[in-house]
Amino acid sequence: MKIDIVGGGPAGLFLAILVARKVPGAQLRIYEQNPREATFGFGVVLADAGLAKLNDAAPDVCADLVAEMTFSARQTIVSSETPITVQRPGQGGGAIPRIALLSVLQRYVEDLGIEIEYCSRVDDIDALDGDLIVGADGVNSRVRSVAEESFGTSRYSLANHFAWYGVWRAFECPALIFRKHAGGYFVAHYYPYSDSMSTFVAECDHRTWIDLGMQAMTDDARKALFEEVFANELSGDPLISNNSNWRQFPVIRNANWHAGNRVLIGDALASAHFSIGSGTRIAMEDAIALAEGIALHPDNVASALASYVDLREPRKRLLIEASKASFEWYERIREWMDSYCPHEFIYQFMTRTGRVDGLRLRDQYPELFKELENAGVAVEVERLP
C-alpha cells in the first residue's frame with residue numbers, strides 16, 4: 001500500500017512510524033508545509049491516559065517523549081481572587097515543547113527511512129497518487145476542504161476570543177485564572193513546559209471583546225492589555241508572541257471519516273477545544289487506530305478505513321462530546337463568574353464535561369472533595385450514566 005500523509009505534525013509523524021513498523025512493505029511519504037525546524041506555538045500537554053495509550057503503541061517513542069516532559073500533579077484555579085489548589089491523581093499531565101515533540105518523532109521517521117517533504121504545501125490533492133491519502137493537516141485541512149461535501153463537513157465558530165502566548169518563566173504549577181478587570185471577563189491558562197518556559201493561553205468573552213474595543217486594537221495592544229490584567233501572575237515578564245493570532249475557535253465536524261481513498265485524523269476530522277488539553281493526544285490516538293486498521297488490511301484500503309472507524313469512533317465520540325461540553329461552559333464564563341462563590345465555581349468547573357461525577361471527584365480528588373464539603377458545596381455523590 002502506498003500512503004501519502006498530508007501534514008507532518010505529531011499525528012502524521014506518529015502514524016508513519018506505526019505503519020512502517022506494522023506493515024514493513026508500506027510505501028510512506030509525508031508532506032509538510034513548514035520547514036523542518038519551524039514550529040508555531042509553545043508547549044503542549046499529554047495527560048496520563050494519553051501517555052498510557054502512546055506507550056502501548058510505541059514504548060520507545062513514548063519513553064523519549066517523557067524524557068523531554070515537565071510534569072506537575074497540582075493545578076491552581078482562581079476565581080474571585082481566591083486560589084484553590086487541585087491535587088491531580090498520578091503524576092499529572094506532561095508538558096513538552098512542541099519543537100521537542102516534533103524532533104523526537106522526526107528522528108524516528110527518518111531512522112525508518114520514511115521520506116518527509118518539508119516546505120511542501122499540497123494544493124492539488126488530486127495530484128497525489130497514493131493508494132491512501134491521509135489528511136493530518138489540522139483545522140484548515142486541504143484534504144478535507146477539497147471534498148467537504150463527500151466528508152459531510154460542518155463548521156461554526158465559538159464566540160470567545162483567544163490567543164496563545166509564551167512566557168520566559170517556568171511557573172510553579174499550571175493555573176487557570178478567571179478575572180474581572182475594567183468591566184471585562186478574562187481567562188488565563190498557563191503551564192510550564194520546560195525549565196525556563198511556560199505556555200500562556202489568553203481568552204475573553206465576546207462581550208468583553210466588544211465593550212473594551214479589542215476588535216479595533218492592534219495585536220500588541222491586546223497583548224499589553226493581558227499583561228495588565230494578569231500583572232500579578234506575570235510579575236513583570238512580558239508575553240511572547242509566536243504566530244499568536246487572536247481568533248475564535250472553529251468547531252469542525254465531519255459526518256464521514258473517509259471519502260474514497262481519503263481519510264481524516266486529528267483536528268482535520270473533529271477539532272478538540274484547547275480547554276480539555278487533549279487535542280494532540282486525540283490526534284495521536286487517531287493515528288494509532290488508523291495504523292491498526294491498515295495493519296489488519298494492508299492490501300485493502302476500504303477495509304482498512306472501515307476498521308479504523310470501528311476501532312476509534314466510540315472513544316473519539318466521547319472525547320469530542322467532552323470537548324463540546326467544555327467549550328460550551330467556557331462560552332458562559334461571564335454567567336459563572338457572576339453566579340458562583342469560589343468553591344461552587346470550582347465544583348462546576350471540575351464537573352463541566354460530565355466525565356467527572358461526584359464519586360470520581362471523591363475518589364480521585366479527595367483533598368478537593370473534602371474542601372468543597374467543608375465550604376458547604378452540595379456535591380452530588382452519584383454515578384453519572
# chains A, B, ... in the order shown; residues from 1 in each chain; ligands from 1
>>> select_by_dssp(residues="region 127-330 of chain A", states="strand (DSSP E or B)", output="number ranges by chain")
A: 132-135, 153-157, 161-167, 175-181, 184-192, 198-204, 239-240, 247, 250-254, 258-259, 262-264
>>> write_last_selection(atoms="N, CA and C atoms", output="compact mmCIF listing (two decimals), in the first residue's frame")
# COMPACT_ATOMS: atom_id res chain seq x y z
N LEU A 132 -3.74 5.45 -0.51
CA LEU A 132 -4.44 6.06 0.61
C LEU A 132 -3.86 7.44 0.84
N ILE A 133 -4.72 8.42 0.99
CA ILE A 133 -4.29 9.79 1.26
C ILE A 133 -4.85 10.19 2.62
N VAL A 134 -3.97 10.54 3.54
CA VAL A 134 -4.35 10.85 4.91
C VAL A 134 -4.30 12.36 5.14
N GLY A 135 -5.39 12.92 5.60
CA GLY A 135 -5.43 14.33 5.97
C GLY A 135 -5.10 14.48 7.44
N THR A 153 -18.91 17.79 5.82
CA THR A 153 -18.30 18.74 6.75
C THR A 153 -19.29 19.79 7.23
N SER A 154 -19.23 20.07 8.53
CA SER A 154 -19.96 21.20 9.10
C SER A 154 -18.99 22.00 9.96
N ARG A 155 -19.28 23.29 10.12
CA ARG A 155 -18.39 24.14 10.89
C ARG A 155 -19.14 25.34 11.45
N TYR A 156 -18.68 25.80 12.59
CA TYR A 156 -19.13 27.08 13.13
C TYR A 156 -18.05 27.56 14.08
N SER A 157 -18.10 28.83 14.44
CA SER A 157 -17.09 29.41 15.32
C SER A 157 -17.71 29.76 16.66
N HIS A 161 -12.90 34.82 22.34
CA HIS A 161 -11.69 35.13 21.58
C HIS A 161 -10.48 34.68 22.38
N PHE A 162 -9.45 34.18 21.68
CA PHE A 162 -8.28 33.66 22.40
C PHE A 162 -7.03 33.81 21.54
N ALA A 163 -5.88 33.72 22.23
CA ALA A 163 -4.57 33.69 21.56
C ALA A 163 -3.60 32.93 22.45
N TRP A 164 -2.61 32.28 21.82
CA TRP A 164 -1.58 31.52 22.54
C TRP A 164 -0.30 32.34 22.61
N TYR A 165 0.21 32.50 23.82
CA TYR A 165 1.48 33.18 24.03
C TYR A 165 2.43 32.25 24.80
N GLY A 166 3.65 32.75 24.96
CA GLY A 166 4.61 32.09 25.83
C GLY A 166 5.10 33.08 26.87
N VAL A 167 5.77 32.58 27.90
CA VAL A 167 6.39 33.41 28.94
C VAL A 167 7.78 32.83 29.23
N ALA A 175 -2.01 26.76 36.03
CA ALA A 175 -3.04 27.55 36.70
C ALA A 175 -4.09 28.02 35.70
N LEU A 176 -5.28 28.23 36.22
CA LEU A 176 -6.37 28.87 35.49
C LEU A 176 -6.82 30.07 36.32
N ILE A 177 -6.75 31.24 35.72
CA ILE A 177 -7.14 32.46 36.43
C ILE A 177 -8.36 33.05 35.72
N PHE A 178 -9.47 33.18 36.42
CA PHE A 178 -10.69 33.81 35.91
C PHE A 178 -10.79 35.17 36.61
N ARG A 179 -10.75 36.25 35.82
CA ARG A 179 -10.63 37.57 36.44
C ARG A 179 -11.50 38.60 35.73
N LYS A 180 -12.16 39.45 36.56
CA LYS A 180 -12.86 40.61 36.05
C LYS A 180 -11.91 41.81 36.12
N HIS A 181 -11.90 42.60 35.06
CA HIS A 181 -10.99 43.74 35.02
C HIS A 181 -11.57 44.79 34.08
N GLY A 184 -14.38 43.89 32.00
CA GLY A 184 -14.23 42.73 31.12
C GLY A 184 -14.07 41.44 31.90
N TYR A 185 -14.29 40.31 31.21
CA TYR A 185 -14.18 38.98 31.82
C TYR A 185 -13.08 38.21 31.07
N PHE A 186 -12.03 37.88 31.81
CA PHE A 186 -10.82 37.34 31.20
C PHE A 186 -10.46 35.99 31.81
N VAL A 187 -9.75 35.18 31.02
CA VAL A 187 -9.23 33.89 31.48
C VAL A 187 -7.78 33.77 31.04
N ALA A 188 -6.93 33.32 31.95
CA ALA A 188 -5.56 32.96 31.61
C ALA A 188 -5.34 31.50 32.00
N HIS A 189 -4.80 30.74 31.09
CA HIS A 189 -4.44 29.34 31.37
C HIS A 189 -2.96 29.20 31.05
N TYR A 190 -2.16 28.98 32.10
CA TYR A 190 -0.73 28.85 31.84
C TYR A 190 -0.17 27.59 32.50
N TYR A 191 0.92 27.09 31.91
CA TYR A 191 1.56 25.89 32.45
C TYR A 191 3.02 25.86 31.99
N PRO A 192 3.92 25.38 32.86
CA PRO A 192 5.33 25.25 32.47
C PRO A 192 5.52 24.06 31.55
N SER A 198 6.93 28.77 29.77
CA SER A 198 5.55 28.37 30.02
C SER A 198 4.69 28.80 28.84
N THR A 199 3.64 28.04 28.61
CA THR A 199 2.59 28.44 27.69
C THR A 199 1.59 29.32 28.43
N PHE A 200 1.03 30.32 27.76
CA PHE A 200 0.06 31.22 28.36
C PHE A 200 -1.06 31.43 27.35
N VAL A 201 -2.23 30.83 27.61
CA VAL A 201 -3.39 30.99 26.73
C VAL A 201 -4.26 32.11 27.29
N ALA A 202 -4.49 33.13 26.47
CA ALA A 202 -5.29 34.29 26.86
C ALA A 202 -6.67 34.20 26.22
N GLU A 203 -7.71 34.49 27.00
CA GLU A 203 -9.08 34.35 26.49
C GLU A 203 -9.98 35.40 27.11
N CYS A 204 -10.98 35.82 26.36
CA CYS A 204 -12.03 36.69 26.90
C CYS A 204 -13.33 36.38 26.17
N LEU A 239 4.53 38.87 27.78
CA LEU A 239 4.05 37.75 26.97
C LEU A 239 4.83 37.72 25.66
N ILE A 240 5.12 36.52 25.18
CA ILE A 240 5.91 36.35 23.96
C ILE A 240 5.00 35.85 22.85
N ARG A 247 -8.19 34.81 17.62
CA ARG A 247 -9.20 34.17 16.79
C ARG A 247 -10.31 33.59 17.66
N PRO A 250 -12.69 27.39 15.83
CA PRO A 250 -13.54 26.78 14.81
C PRO A 250 -13.94 25.36 15.22
N VAL A 251 -15.21 25.11 15.28
CA VAL A 251 -15.72 23.77 15.59
C VAL A 251 -15.94 23.05 14.26
N ILE A 252 -15.08 22.07 14.00
CA ILE A 252 -15.13 21.30 12.75
C ILE A 252 -15.66 19.90 13.04
N ARG A 253 -16.63 19.46 12.27
CA ARG A 253 -17.16 18.11 12.39
C ARG A 253 -17.35 17.54 10.98
N ASN A 254 -17.22 16.21 10.87
CA ASN A 254 -17.41 15.54 9.59
C ASN A 254 -18.27 14.31 9.80
N HIS A 258 -14.05 9.14 6.12
CA HIS A 258 -13.28 8.93 4.90
C HIS A 258 -14.19 9.09 3.69
N ALA A 259 -13.57 9.42 2.57
CA ALA A 259 -14.30 9.59 1.31
C ALA A 259 -13.41 9.05 0.20
N ARG A 262 -9.50 8.78 0.69
CA ARG A 262 -9.03 9.86 1.55
C ARG A 262 -9.63 9.72 2.95
N VAL A 263 -8.81 9.96 3.95
CA VAL A 263 -9.24 9.77 5.33
C VAL A 263 -8.70 10.91 6.19
N LEU A 264 -9.43 11.25 7.23
CA LEU A 264 -9.05 12.36 8.11
C LEU A 264 -8.72 11.85 9.50
>>> residues_around(residues="Lys22 (chain A)", least_positions_apart="3", cutoff="8 Å", atoms="only C-alpha atoms", output="PyMOL selection string")
chain A and resi 18-19+291-292+295
>>> closest_residue(among="A:Ser303, A:Ser103, A:Ser150, A:Ser323", to="Phe249 (chain A)", atoms="only C-alpha atoms")
A:Ser323
>>> select_by_dssp(residues="region 87-304 of chain A", states="alpha helix (DSSP H)", output="VMD selection string")
chain A and resid 98 to 111 142 to 145 148 to 151 206 to 211 219 to 229 231 to 234 279 to 296 301 to 304
>>> residues_around(residues="region 61-70 of chain A", least_positions_apart="5", cutoff="6 Å", atoms="only C-alpha atoms", output="list of chain:residue names")
A:Leu54, A:Asn55, A:Gly94, A:Ala95, A:Ile96, A:Tyr193, A:Ser194
>>> atom_distance(atom1="CA of Leu105 (chain A)", atom2="CA of Leu13 (chain A)")
6.1 Å
>>> atom_distance(atom1="CA of Asn34 (chain A)", atom2="CA of Tyr118 (chain A)")
5.9 Å
>>> decode(residues="region 361-378 of chain A", atoms="N, CA and C atoms", output="compact mmCIF listing (two decimals), in the first residue's frame")
# COMPACT_ATOMS: atom_id res chain seq x y z
N LEU A 361 -14.91 12.47 41.73
CA LEU A 361 -14.31 13.61 42.43
C LEU A 361 -13.85 13.19 43.83
N ARG A 362 -14.68 12.43 44.51
CA ARG A 362 -14.33 11.97 45.86
C ARG A 362 -13.15 11.00 45.84
N ASP A 363 -13.14 10.11 44.84
CA ASP A 363 -12.11 9.07 44.81
C ASP A 363 -10.77 9.58 44.29
N GLN A 364 -10.80 10.43 43.28
CA GLN A 364 -9.56 10.86 42.64
C GLN A 364 -9.04 12.20 43.13
N TYR A 365 -9.91 13.00 43.72
CA TYR A 365 -9.50 14.31 44.22
C TYR A 365 -9.96 14.46 45.68
N PRO A 366 -9.50 13.59 46.57
CA PRO A 366 -10.04 13.56 47.94
C PRO A 366 -9.82 14.86 48.70
N GLU A 367 -8.68 15.52 48.51
CA GLU A 367 -8.42 16.76 49.24
C GLU A 367 -9.38 17.85 48.78
N LEU A 368 -9.59 17.96 47.49
CA LEU A 368 -10.52 18.96 46.96
C LEU A 368 -11.94 18.63 47.40
N PHE A 369 -12.30 17.36 47.35
CA PHE A 369 -13.66 16.96 47.75
C PHE A 369 -13.93 17.37 49.20
N LYS A 370 -12.97 17.13 50.07
CA LYS A 370 -13.14 17.50 51.47
C LYS A 370 -13.25 19.00 51.63
N GLU A 371 -12.44 19.74 50.89
CA GLU A 371 -12.51 21.20 50.96
C GLU A 371 -13.85 21.73 50.49
N LEU A 372 -14.38 21.13 49.43
CA LEU A 372 -15.70 21.55 48.93
C LEU A 372 -16.79 21.27 49.95
N GLU A 373 -16.74 20.09 50.56
CA GLU A 373 -17.74 19.76 51.58
C GLU A 373 -17.64 20.73 52.76
N ASN A 374 -16.42 21.02 53.20
CA ASN A 374 -16.24 21.94 54.33
C ASN A 374 -16.73 23.35 54.01
N ALA A 375 -16.70 23.69 52.71
CA ALA A 375 -17.17 25.01 52.28
C ALA A 375 -18.68 25.04 52.07
N GLY A 376 -19.34 23.89 52.27
CA GLY A 376 -20.79 23.84 52.15
C GLY A 376 -21.32 23.64 50.75
N VAL A 377 -20.45 23.22 49.83
CA VAL A 377 -20.90 22.97 48.46
C VAL A 377 -21.67 21.65 48.41
N ALA A 378 -22.83 21.68 47.78
CA ALA A 378 -23.67 20.49 47.69
C ALA A 378 -23.15 19.60 46.56
